[in-house]
Amino acid sequence: MVQKGPRPLVLCGPSGSGKSTLLKRLLKEFPDKFGFSVSHTTRAPRPGEKNGVHYHFTNVEDMTASIARGEFIESAVFNGNMYGTSKQSVDDVRCTGCICVLDIDVEGVKQVKGTDFNPLLVFVMPPSLEELERRLRARNTEHEESLSGRLEIARKEIIYGQEPGNFHIIILNDNLDKAYAELREFVFKNVEEKERDPKDQKAEEK
Ligand SMILES: Nc1ncnc2c1ncn2[C@@H]1O[C@H](COP(=O)(O)OP(=O)(O)OP(=O)(O)O)[C@@H](O)[C@H]1O
């Protein structure tokens, strides 16, 4: 299948490593260049959430069938609800010419690797587990139980993230300005347009 539009960008890293902070900066500096795909979920909409904007709200039966048909690039269950990224939602962003950004965990990355989406894979690395804990505490979004759970998962994710070949680049987020500059340079060096005419592609294959 020939995919239109630029290569998607996957940002992965332990909770608190700085993915959202880095992405927010990228989107602020280049508002027209990036787009988030709209995920599917079986959880109920929260007040103010719009279907097709914040999520595609669906049910377990439909989502399970859709996954079985191979229509998702990754999916997971959190707190008893299903979440996932459909191929269509990534294509919707690509077709606009924007770089589709996916913020997914290690399990999601493993699934994406089995698809033909060929994304750029970035691992955001915290300076240490101690600093990660400090940042998560400072963010003030977790209670103690959730914090220790996140740190336990972080330990495993860091091992996977550092294994050679799992990511195209590992960005150490010890200094935000430096980490951001590294991400920006990597993205613009590597995201190339794939809007090739199928005829040209055939010629290249000869
Ligand atoms: N280089 C840095 N130095 C100090 N603090 C940072 C740095 N990068 C991010 N932070 C802070 O660390 C906290 C965690 O960052 P952020 O919320 O971006 O992580 P995340 O990887 O998106 O986490 P989650 O997966 O839980 O959403 C935030 O409060 C953020 O302001």
# chains A, B, ... in the order shown; residues from 1 in each chain; ligands from 1
>>> residues_near_ligand(ligand="ligand 1", cutoff="9 Å", atoms="only C-alpha atoms and all ligand atoms", output="PyMOL selection string")
chain A and resi 11-24+103-105+124+126-127+131-132+134-141+150+172-180
>>> write_last_selection(atoms="N, CA and C atoms", output="compact mmCIF listing (two decimals), in the first residue's frame")
# COMPACT_ATOMS: atom_id res chain seq x y z
N LEU A 11 6.12 9.18 19.82
CA LEU A 11 6.88 9.54 21.01
C LEU A 11 6.51 8.57 22.11
N CYS A 12 7.53 7.91 22.64
CA CYS A 12 7.31 6.92 23.70
C CYS A 12 8.28 7.25 24.83
N GLY A 13 7.95 6.84 26.01
CA GLY A 13 8.84 7.09 27.15
C GLY A 13 8.02 6.94 28.41
N PRO A 14 8.69 6.71 29.54
CA PRO A 14 7.95 6.52 30.79
C PRO A 14 7.08 7.72 31.12
N SER A 15 6.04 7.47 31.88
CA SER A 15 5.19 8.54 32.36
C SER A 15 6.05 9.53 33.15
N GLY A 16 5.99 10.80 32.77
CA GLY A 16 6.78 11.82 33.45
C GLY A 16 8.10 12.12 32.77
N SER A 17 8.41 11.41 31.67
CA SER A 17 9.70 11.64 31.00
C SER A 17 9.71 12.96 30.23
N GLY A 18 8.51 13.47 29.91
CA GLY A 18 8.45 14.78 29.25
C GLY A 18 7.86 14.77 27.85
N LYS A 19 7.18 13.71 27.48
CA LYS A 19 6.61 13.60 26.12
C LYS A 19 5.64 14.75 25.83
N SER A 20 4.68 14.95 26.72
CA SER A 20 3.67 15.99 26.49
C SER A 20 4.31 17.37 26.43
N THR A 21 5.28 17.59 27.31
CA THR A 21 5.95 18.90 27.34
C THR A 21 6.67 19.16 26.01
N LEU A 22 7.36 18.14 25.51
CA LEU A 22 8.09 18.30 24.25
C LEU A 22 7.12 18.49 23.08
N LEU A 23 6.05 17.70 23.09
CA LEU A 23 5.07 17.80 21.99
C LEU A 23 4.36 19.15 21.97
N LYS A 24 4.04 19.62 23.16
CA LYS A 24 3.36 20.90 23.27
C LYS A 24 4.21 22.00 22.64
N ASP A 103 1.44 9.48 20.81
CA ASP A 103 2.08 9.39 22.12
C ASP A 103 1.63 8.05 22.70
N ILE A 104 2.49 7.03 22.58
CA ILE A 104 2.05 5.69 22.99
C ILE A 104 3.09 5.00 23.88
N ASP A 105 2.64 3.99 24.61
CA ASP A 105 3.56 3.31 25.52
C ASP A 105 4.29 2.18 24.79
N VAL A 124 11.80 8.99 24.73
CA VAL A 124 12.19 10.09 25.61
C VAL A 124 12.63 9.49 26.95
N PRO A 126 14.20 9.72 30.76
CA PRO A 126 14.44 10.60 31.91
C PRO A 126 15.89 10.47 32.37
N PRO A 127 16.44 11.49 33.04
CA PRO A 127 17.85 11.41 33.48
C PRO A 127 18.08 10.25 34.44
N GLU A 131 14.95 11.21 39.40
CA GLU A 131 14.48 12.48 38.83
C GLU A 131 13.06 12.32 38.26
N LEU A 132 12.80 11.15 37.68
CA LEU A 132 11.45 10.88 37.16
C LEU A 132 10.43 10.97 38.30
N ARG A 134 10.78 12.57 41.07
CA ARG A 134 10.70 13.96 41.53
C ARG A 134 9.75 14.76 40.62
N ARG A 135 9.89 14.55 39.29
CA ARG A 135 9.04 15.29 38.35
C ARG A 135 7.57 14.89 38.48
N LEU A 136 7.36 13.59 38.65
CA LEU A 136 5.97 13.13 38.79
C LEU A 136 5.34 13.69 40.07
N ARG A 137 6.14 13.74 41.13
CA ARG A 137 5.62 14.30 42.39
C ARG A 137 5.34 15.78 42.22
N ALA A 138 6.25 16.47 41.52
CA ALA A 138 6.09 17.91 41.34
C ALA A 138 4.88 18.21 40.46
N ARG A 139 4.58 17.30 39.52
CA ARG A 139 3.44 17.51 38.61
C ARG A 139 2.13 17.43 39.39
N ASN A 140 2.19 16.68 40.50
CA ASN A 140 1.04 16.64 41.42
C ASN A 140 -0.22 16.06 40.79
N THR A 141 -0.05 15.06 39.93
CA THR A 141 -1.22 14.47 39.29
C THR A 141 -1.48 13.05 39.78
N ARG A 150 3.55 3.62 38.27
CA ARG A 150 4.19 4.25 37.12
C ARG A 150 5.70 4.07 37.13
N LEU A 172 17.62 12.13 25.61
CA LEU A 172 17.74 12.27 27.06
C LEU A 172 17.16 13.62 27.46
N ASN A 173 16.10 13.59 28.26
CA ASN A 173 15.48 14.85 28.67
C ASN A 173 15.99 15.29 30.04
N ASP A 174 17.30 15.66 30.05
CA ASP A 174 17.85 16.20 31.30
C ASP A 174 17.73 17.71 31.31
N ASN A 175 17.67 18.28 30.11
CA ASN A 175 17.50 19.73 29.97
C ASN A 175 16.49 19.95 28.87
N LEU A 176 15.41 20.65 29.17
CA LEU A 176 14.30 20.74 28.23
C LEU A 176 14.69 21.40 26.90
N ASP A 177 15.44 22.49 26.96
CA ASP A 177 15.83 23.20 25.73
C ASP A 177 16.67 22.30 24.83
N LYS A 178 17.58 21.58 25.45
CA LYS A 178 18.47 20.69 24.68
C LYS A 178 17.67 19.53 24.09
N ALA A 179 16.81 18.94 24.90
CA ALA A 179 16.01 17.80 24.43
C ALA A 179 15.09 18.25 23.29
N TYR A 180 14.51 19.42 23.42
CA TYR A 180 13.60 19.92 22.39
C TYR A 180 14.36 20.17 21.07
>>> residues_around(residues="segment 155-166 of chain A", least_positions_apart="3", cutoff="8 Å", atoms="only C-alpha atoms", output="PyMOL selection string")
chain A and resi 13-14+106+123+125+129+151-152+170
>>> write_last_selection(atoms="C-alpha atoms", output="PDB file, in the first residue's frame")
ATOM      1  CA  GLY A  13       8.839   7.092  27.149  1.00  0.00           C
ATOM      2  CA  PRO A  14       7.949   6.520  30.791  1.00  0.00           C
ATOM      3  CA  VAL A 106       6.036   0.494  24.930  1.00  0.00           C
ATOM      4  CA  PHE A 123      12.177   7.317  23.012  1.00  0.00           C
ATOM      5  CA  MET A 125      14.522   9.106  28.402  1.00  0.00           C
ATOM      6  CA  LEU A 129      14.391   7.076  38.040  1.00  0.00           C
ATOM      7  CA  LEU A 151       7.735   3.961  38.448  1.00  0.00           C
ATOM      8  CA  GLU A 152       7.616   0.180  38.276  1.00  0.00           C
ATOM      9  CA  ILE A 170      16.788   8.106  22.317  1.00  0.00           C
TER      10      ILE A 170
END
>>> closest_atom_pairs(of="segment 68-162 of chain A", to="segment 35-46 of chain A", cutoff="12 Å", atoms="only C-alpha atoms", output="JSON lines")
{"residue": "A:Glu71", "atom": "CA", "partner": "A:His40", "partner_atom": "CA", "distance": 11.4}
{"residue": "A:Phe72", "atom": "CA", "partner": "A:His40", "partner_atom": "CA", "distance": 9.5}
{"residue": "A:Ile73", "atom": "CA", "partner": "A:Ser39", "partner_atom": "CA", "distance": 10.8}
{"residue": "A:Glu74", "atom": "CA", "partner": "A:Ser39", "partner_atom": "CA", "distance": 9.9}
{"residue": "A:Ser75", "atom": "CA", "partner": "A:His40", "partner_atom": "CA", "distance": 8.8}
{"residue": "A:Ala76", "atom": "CA", "partner": "A:Thr41", "partner_atom": "CA", "distance": 9.6}
{"residue": "A:Val77", "atom": "CA", "partner": "A:Thr41", "partner_atom": "CA", "distance": 9.3}
{"residue": "A:Phe78", "atom": "CA", "partner": "A:Arg43", "partner_atom": "CA", "distance": 9.7}
{"residue": "A:Asn79", "atom": "CA", "partner": "A:Arg43", "partner_atom": "CA", "distance": 9.4}
{"residue": "A:Gly80", "atom": "CA", "partner": "A:Arg43", "partner_atom": "CA", "distance": 8.5}
{"residue": "A:Asn81", "atom": "CA", "partner": "A:Arg43", "partner_atom": "CA", "distance": 5.4}
{"residue": "A:Met82", "atom": "CA", "partner": "A:Thr42", "partner_atom": "CA", "distance": 5.3}
{"residue": "A:Tyr83", "atom": "CA", "partner": "A:Thr41", "partner_atom": "CA", "distance": 4.4}
{"residue": "A:Gly84", "atom": "CA", "partner": "A:His40", "partner_atom": "CA", "distance": 5.3}
{"residue": "A:Thr85", "atom": "CA", "partner": "A:Ser39", "partner_atom": "CA", "distance": 4.9}
{"residue": "A:Ser86", "atom": "CA", "partner": "A:Ser39", "partner_atom": "CA", "distance": 7.0}
{"residue": "A:Lys87", "atom": "CA", "partner": "A:Ser37", "partner_atom": "CA", "distance": 9.4}
{"residue": "A:Gln88", "atom": "CA", "partner": "A:Ser37", "partner_atom": "CA", "distance": 9.0}
{"residue": "A:Ser89", "atom": "CA", "partner": "A:Ser37", "partner_atom": "CA", "distance": 5.3}
{"residue": "A:Val90", "atom": "CA", "partner": "A:Ser37", "partner_atom": "CA", "distance": 5.3}
{"residue": "A:Asp91", "atom": "CA", "partner": "A:Ser37", "partner_atom": "CA", "distance": 8.5}
{"residue": "A:Asp92", "atom": "CA", "partner": "A:Ser37", "partner_atom": "CA", "distance": 7.6}
{"residue": "A:Val93", "atom": "CA", "partner": "A:Gly35", "partner_atom": "CA", "distance": 6.1}
{"residue": "A:Arg94", "atom": "CA", "partner": "A:Gly35", "partner_atom": "CA", "distance": 8.5}
{"residue": "A:Cys95", "atom": "CA", "partner": "A:Gly35", "partner_atom": "CA", "distance": 10.8}
{"residue": "A:Thr96", "atom": "CA", "partner": "A:Gly35", "partner_atom": "CA", "distance": 9.0}
{"residue": "A:Gly97", "atom": "CA", "partner": "A:Gly35", "partner_atom": "CA", "distance": 9.3}
{"residue": "A:Cys98", "atom": "CA", "partner": "A:Gly35", "partner_atom": "CA", "distance": 5.9}
{"residue": "A:Ile99", "atom": "CA", "partner": "A:Gly35", "partner_atom": "CA", "distance": 6.0}
{"residue": "A:Cys100", "atom": "CA", "partner": "A:Gly35", "partner_atom": "CA", "distance": 5.0}
{"residue": "A:Val101", "atom": "CA", "partner": "A:Phe36", "partner_atom": "CA", "distance": 5.2}
{"residue": "A:Leu102", "atom": "CA", "partner": "A:Phe36", "partner_atom": "CA", "distance": 6.7}
{"residue": "A:Asp103", "atom": "CA", "partner": "A:Phe36", "partner_atom": "CA", "distance": 8.8}
{"residue": "A:Ile104", "atom": "CA", "partner": "A:Ser39", "partner_atom": "CA", "distance": 11.0}
>>> closest_residue(among="A:Asp116, A:Glu107, A:Glu185, A:Glu49", to="Arg7 of chain A", atoms="only C-alpha atoms")
A:Asp116
>>> select_by_dssp(residues="chain A", states="helix (DSSP H, G or I)", output="VMD selection string")
chain A and resid 19 to 29 60 to 68 87 to 94 106 to 112 129 to 139 144 to 162 176 to 190 198 to 205
>>> write_last_selection(atoms="C-alpha atoms", output="mmCIF file, in the first residue's frame")
data_model
loop_
_atom_site.group_PDB
_atom_site.id
_atom_site.type_symbol
_atom_site.label_atom_id
_atom_site.label_comp_id
_atom_site.auth_asym_id
_atom_site.auth_seq_id
_atom_site.Cartn_x
_atom_site.Cartn_y
_atom_site.Cartn_z
ATOM 1 C CA LYS A 19 6.610 13.599 26.123
ATOM 2 C CA SER A 20 3.670 15.992 26.485
ATOM 3 C CA THR A 21 5.952 18.900 27.336
ATOM 4 C CA LEU A 22 8.092 18.297 24.245
ATOM 5 C CA LEU A 23 5.066 17.797 21.987
ATOM 6 C CA LYS A 24 3.360 20.904 23.272
ATOM 7 C CA ARG A 25 6.430 22.909 22.345
ATOM 8 C CA LEU A 26 6.649 21.351 18.884
ATOM 9 C CA LEU A 27 2.988 22.089 18.202
ATOM 10 C CA LYS A 28 3.335 25.626 19.491
ATOM 11 C CA GLU A 29 6.303 26.364 17.242
ATOM 12 C CA VAL A 60 -16.548 -3.235 23.198
ATOM 13 C CA GLU A 61 -18.311 -5.322 20.547
ATOM 14 C CA ASP A 62 -17.598 -2.943 17.636
ATOM 15 C CA MET A 63 -14.047 -2.198 18.717
ATOM 16 C CA THR A 64 -13.173 -5.867 19.234
ATOM 17 C CA ALA A 65 -14.517 -6.706 15.764
ATOM 18 C CA SER A 66 -12.634 -3.809 14.196
ATOM 19 C CA ILE A 67 -9.349 -4.893 15.851
ATOM 20 C CA ALA A 68 -9.937 -8.448 14.611
ATOM 21 C CA LYS A 87 -5.322 3.094 10.742
ATOM 22 C CA GLN A 88 -8.014 5.395 9.418
ATOM 23 C CA SER A 89 -7.417 8.050 12.076
ATOM 24 C CA VAL A 90 -3.701 8.157 11.245
ATOM 25 C CA ASP A 91 -4.471 8.333 7.518
ATOM 26 C CA ASP A 92 -6.914 11.182 8.141
ATOM 27 C CA VAL A 93 -4.039 13.259 9.527
ATOM 28 C CA ARG A 94 -1.543 12.159 6.866
ATOM 29 C CA VAL A 106 6.036 0.494 24.930
ATOM 30 C CA GLU A 107 3.308 -2.105 24.414
ATOM 31 C CA GLY A 108 1.804 0.156 21.732
ATOM 32 C CA VAL A 109 5.187 0.589 20.067
ATOM 33 C CA LYS A 110 5.613 -3.190 19.871
ATOM 34 C CA GLN A 111 2.264 -3.412 18.071
ATOM 35 C CA VAL A 112 3.023 -0.513 15.698
ATOM 36 C CA LEU A 129 14.391 7.076 38.040
ATOM 37 C CA GLU A 130 14.947 9.390 41.017
ATOM 38 C CA GLU A 131 14.482 12.476 38.826
ATOM 39 C CA LEU A 132 11.454 10.879 37.157
ATOM 40 C CA GLU A 133 9.891 10.375 40.581
ATOM 41 C CA ARG A 134 10.698 13.964 41.527
ATOM 42 C CA ARG A 135 9.036 15.294 38.349
ATOM 43 C CA LEU A 136 5.970 13.129 38.785
ATOM 44 C CA ARG A 137 5.616 14.296 42.390
ATOM 45 C CA ALA A 138 6.093 17.915 41.343
ATOM 46 C CA ARG A 139 3.443 17.514 38.615
ATOM 47 C CA GLU A 144 1.017 7.361 45.996
ATOM 48 C CA GLU A 145 -0.272 4.046 44.594
ATOM 49 C CA SER A 146 -0.431 5.299 41.016
ATOM 50 C CA LEU A 147 3.044 6.839 41.412
ATOM 51 C CA SER A 148 4.704 3.596 42.489
ATOM 52 C CA GLY A 149 2.894 1.753 39.675
ATOM 53 C CA ARG A 150 4.190 4.252 37.117
ATOM 54 C CA LEU A 151 7.735 3.961 38.448
ATOM 55 C CA GLU A 152 7.616 0.180 38.276
ATOM 56 C CA ILE A 153 6.443 0.326 34.640
ATOM 57 C CA ALA A 154 9.057 3.036 33.952
ATOM 58 C CA ARG A 155 11.852 0.677 35.028
ATOM 59 C CA LYS A 156 10.767 -1.881 32.405
ATOM 60 C CA GLU A 157 10.146 0.727 29.715
ATOM 61 C CA ILE A 158 13.629 2.188 30.149
ATOM 62 C CA ILE A 159 15.159 -1.253 29.606
ATOM 63 C CA TYR A 160 13.153 -1.728 26.399
ATOM 64 C CA GLY A 161 13.846 1.837 25.246
ATOM 65 C CA GLN A 162 17.590 1.401 25.563
ATOM 66 C CA LEU A 176 14.295 20.741 28.232
ATOM 67 C CA ASP A 177 15.826 23.200 25.726
ATOM 68 C CA LYS A 178 18.471 20.690 24.685
ATOM 69 C CA ALA A 179 16.011 17.797 24.432
ATOM 70 C CA TYR A 180 13.602 19.920 22.386
ATOM 71 C CA ALA A 181 16.337 21.061 19.990
ATOM 72 C CA GLU A 182 17.358 17.437 19.483
ATOM 73 C CA LEU A 183 13.786 16.336 18.795
ATOM 74 C CA ARG A 184 13.177 19.166 16.345
ATOM 75 C CA GLU A 185 16.350 18.474 14.416
ATOM 76 C CA PHE A 186 15.659 14.749 14.257
ATOM 77 C CA VAL A 187 12.077 15.205 13.050
ATOM 78 C CA PHE A 188 12.865 17.642 10.270
ATOM 79 C CA LYS A 189 15.842 15.619 9.102
ATOM 80 C CA ASN A 190 13.910 12.379 8.885
ATOM 81 C CA PRO A 198 2.934 4.940 -7.773
ATOM 82 C CA LYS A 199 4.505 5.039 -11.285
ATOM 83 C CA ASP A 200 7.673 6.558 -9.810
ATOM 84 C CA GLN A 201 7.725 3.910 -7.144
ATOM 85 C CA LYS A 202 7.484 1.134 -9.759
ATOM 86 C CA ALA A 203 10.375 2.732 -11.595
ATOM 87 C CA GLU A 204 12.433 2.775 -8.410
ATOM 88 C CA GLU A 205 11.714 -0.892 -7.814
#
>>> select_by_dssp(residues="segment 50-122 of chain A", states="strand (DSSP E)", output="list of chain:residue names")
A:His56, A:Phe57, A:Phe72, A:Ile73, A:Glu74, A:Ser75, A:Ala76, A:Val77, A:Phe78, A:Asn81, A:Met82, A:Tyr83, A:Gly84, A:Thr85, A:Ser86, A:Ile99, A:Cys100, A:Val101, A:Leu102, A:Asp103, A:Leu120, A:Leu121, A:Val122
>>> decode(residues="segment 134-168 of chain A", atoms="N, CA and C atoms", output="PDB file, in the first residue's frame")
ATOM      1  N   ARG A 134      10.783  12.569  41.069  1.00  0.00           N
ATOM      2  CA  ARG A 134      10.698  13.964  41.527  1.00  0.00           C
ATOM      3  C   ARG A 134       9.746  14.761  40.621  1.00  0.00           C
ATOM      4  N   ARG A 135       9.886  14.554  39.295  1.00  0.00           N
ATOM      5  CA  ARG A 135       9.036  15.294  38.349  1.00  0.00           C
ATOM      6  C   ARG A 135       7.573  14.889  38.476  1.00  0.00           C
ATOM      7  N   LEU A 136       7.359  13.586  38.654  1.00  0.00           N
ATOM      8  CA  LEU A 136       5.970  13.129  38.785  1.00  0.00           C
ATOM      9  C   LEU A 136       5.337  13.688  40.067  1.00  0.00           C
ATOM     10  N   ARG A 137       6.140  13.735  41.134  1.00  0.00           N
ATOM     11  CA  ARG A 137       5.616  14.296  42.390  1.00  0.00           C
ATOM     12  C   ARG A 137       5.336  15.782  42.215  1.00  0.00           C
ATOM     13  N   ALA A 138       6.251  16.467  41.524  1.00  0.00           N
ATOM     14  CA  ALA A 138       6.093  17.915  41.343  1.00  0.00           C
ATOM     15  C   ALA A 138       4.881  18.214  40.458  1.00  0.00           C
ATOM     16  N   ARG A 139       4.580  17.302  39.518  1.00  0.00           N
ATOM     17  CA  ARG A 139       3.443  17.514  38.615  1.00  0.00           C
ATOM     18  C   ARG A 139       2.127  17.434  39.393  1.00  0.00           C
ATOM     19  N   ASN A 140       2.188  16.683  40.502  1.00  0.00           N
ATOM     20  CA  ASN A 140       1.044  16.642  41.416  1.00  0.00           C
ATOM     21  C   ASN A 140      -0.222  16.060  40.794  1.00  0.00           C
ATOM     22  N   THR A 141      -0.046  15.065  39.934  1.00  0.00           N
ATOM     23  CA  THR A 141      -1.224  14.473  39.290  1.00  0.00           C
ATOM     24  C   THR A 141      -1.480  13.049  39.776  1.00  0.00           C
ATOM     25  N   GLU A 142      -0.538  12.495  40.549  1.00  0.00           N
ATOM     26  CA  GLU A 142      -0.671  11.085  40.936  1.00  0.00           C
ATOM     27  C   GLU A 142      -0.806  10.935  42.444  1.00  0.00           C
ATOM     28  N   HIS A 143      -1.606   9.957  42.866  1.00  0.00           N
ATOM     29  CA  HIS A 143      -1.546   9.607  44.284  1.00  0.00           C
ATOM     30  C   HIS A 143      -0.490   8.512  44.442  1.00  0.00           C
ATOM     31  N   GLU A 144      -0.136   8.214  45.684  1.00  0.00           N
ATOM     32  CA  GLU A 144       1.017   7.361  45.996  1.00  0.00           C
ATOM     33  C   GLU A 144       0.997   6.012  45.261  1.00  0.00           C
ATOM     34  N   GLU A 145      -0.173   5.375  45.202  1.00  0.00           N
ATOM     35  CA  GLU A 145      -0.272   4.046  44.594  1.00  0.00           C
ATOM     36  C   GLU A 145      -0.006   4.127  43.088  1.00  0.00           C
ATOM     37  N   SER A 146      -0.604   5.124  42.453  1.00  0.00           N
ATOM     38  CA  SER A 146      -0.431   5.299  41.016  1.00  0.00           C
ATOM     39  C   SER A 146       1.026   5.653  40.701  1.00  0.00           C
ATOM     40  N   LEU A 147       1.651   6.425  41.594  1.00  0.00           N
ATOM     41  CA  LEU A 147       3.044   6.839  41.412  1.00  0.00           C
ATOM     42  C   LEU A 147       3.974   5.628  41.417  1.00  0.00           C
ATOM     43  N   SER A 148       3.800   4.751  42.413  1.00  0.00           N
ATOM     44  CA  SER A 148       4.704   3.596  42.489  1.00  0.00           C
ATOM     45  C   SER A 148       4.455   2.661  41.303  1.00  0.00           C
ATOM     46  N   GLY A 149       3.195   2.561  40.862  1.00  0.00           N
ATOM     47  CA  GLY A 149       2.894   1.753  39.675  1.00  0.00           C
ATOM     48  C   GLY A 149       3.602   2.305  38.446  1.00  0.00           C
ATOM     49  N   ARG A 150       3.554   3.622  38.271  1.00  0.00           N
ATOM     50  CA  ARG A 150       4.190   4.252  37.117  1.00  0.00           C
ATOM     51  C   ARG A 150       5.704   4.068  37.131  1.00  0.00           C
ATOM     52  N   LEU A 151       6.277   4.126  38.351  1.00  0.00           N
ATOM     53  CA  LEU A 151       7.735   3.961  38.448  1.00  0.00           C
ATOM     54  C   LEU A 151       8.155   2.529  38.151  1.00  0.00           C
ATOM     55  N   GLU A 152       7.321   1.585  38.549  1.00  0.00           N
ATOM     56  CA  GLU A 152       7.616   0.180  38.276  1.00  0.00           C
ATOM     57  C   GLU A 152       7.570  -0.075  36.757  1.00  0.00           C
ATOM     58  N   ILE A 153       6.550   0.472  36.103  1.00  0.00           N
ATOM     59  CA  ILE A 153       6.443   0.326  34.640  1.00  0.00           C
ATOM     60  C   ILE A 153       7.611   1.058  33.968  1.00  0.00           C
ATOM     61  N   ALA A 154       7.962   2.233  34.524  1.00  0.00           N
ATOM     62  CA  ALA A 154       9.057   3.036  33.952  1.00  0.00           C
ATOM     63  C   ALA A 154      10.355   2.236  33.893  1.00  0.00           C
ATOM     64  N   ARG A 155      10.630   1.497  34.967  1.00  0.00           N
ATOM     65  CA  ARG A 155      11.852   0.677  35.028  1.00  0.00           C
ATOM     66  C   ARG A 155      11.916  -0.261  33.817  1.00  0.00           C
ATOM     67  N   LYS A 156      10.804  -0.915  33.516  1.00  0.00           N
ATOM     68  CA  LYS A 156      10.767  -1.881  32.405  1.00  0.00           C
ATOM     69  C   LYS A 156      10.842  -1.152  31.069  1.00  0.00           C
ATOM     70  N   GLU A 157      10.155  -0.014  30.979  1.00  0.00           N
ATOM     71  CA  GLU A 157      10.146   0.727  29.715  1.00  0.00           C
ATOM     72  C   GLU A 157      11.539   1.247  29.356  1.00  0.00           C
ATOM     73  N   ILE A 158      12.278   1.667  30.384  1.00  0.00           N
ATOM     74  CA  ILE A 158      13.629   2.188  30.149  1.00  0.00           C
ATOM     75  C   ILE A 158      14.528   1.079  29.595  1.00  0.00           C
ATOM     76  N   ILE A 159      14.360  -0.124  30.105  1.00  0.00           N
ATOM     77  CA  ILE A 159      15.159  -1.253  29.606  1.00  0.00           C
ATOM     78  C   ILE A 159      14.835  -1.487  28.126  1.00  0.00           C
ATOM     79  N   TYR A 160      13.548  -1.507  27.798  1.00  0.00           N
ATOM     80  CA  TYR A 160      13.153  -1.728  26.399  1.00  0.00           C
ATOM     81  C   TYR A 160      13.624  -0.560  25.511  1.00  0.00           C
ATOM     82  N   GLY A 161      13.482   0.644  26.029  1.00  0.00           N
ATOM     83  CA  GLY A 161      13.846   1.837  25.246  1.00  0.00           C
ATOM     84  C   GLY A 161      15.320   1.873  24.895  1.00  0.00           C
ATOM     85  N   GLN A 162      16.140   1.330  25.793  1.00  0.00           N
ATOM     86  CA  GLN A 162      17.590   1.401  25.563  1.00  0.00           C
ATOM     87  C   GLN A 162      18.130   0.242  24.746  1.00  0.00           C
ATOM     88  N   GLU A 163      17.304  -0.775  24.534  1.00  0.00           N
ATOM     89  CA  GLU A 163      17.770  -1.913  23.741  1.00  0.00           C
ATOM     90  C   GLU A 163      18.034  -1.462  22.310  1.00  0.00           C
ATOM     91  N   PRO A 164      19.225  -1.757  21.790  1.00  0.00           N
ATOM     92  CA  PRO A 164      19.551  -1.296  20.437  1.00  0.00           C
ATOM     93  C   PRO A 164      18.521  -1.788  19.421  1.00  0.00           C
ATOM     94  N   GLY A 165      18.125  -0.907  18.537  1.00  0.00           N
ATOM     95  CA  GLY A 165      17.218  -1.282  17.451  1.00  0.00           C
ATOM     96  C   GLY A 165      15.752  -1.046  17.751  1.00  0.00           C
ATOM     97  N   ASN A 166      15.411  -0.772  18.995  1.00  0.00           N
ATOM     98  CA  ASN A 166      13.990  -0.586  19.299  1.00  0.00           C
ATOM     99  C   ASN A 166      13.464   0.799  18.904  1.00  0.00           C
ATOM    100  N   PHE A 167      14.340   1.810  18.907  1.00  0.00           N
ATOM    101  CA  PHE A 167      13.937   3.176  18.541  1.00  0.00           C
ATOM    102  C   PHE A 167      14.954   3.775  17.576  1.00  0.00           C
ATOM    103  N   HIS A 168      14.506   4.776  16.806  1.00  0.00           N
ATOM    104  CA  HIS A 168      15.439   5.446  15.896  1.00  0.00           C
ATOM    105  C   HIS A 168      16.332   6.414  16.650  1.00  0.00           C
TER     106      HIS A 168
END
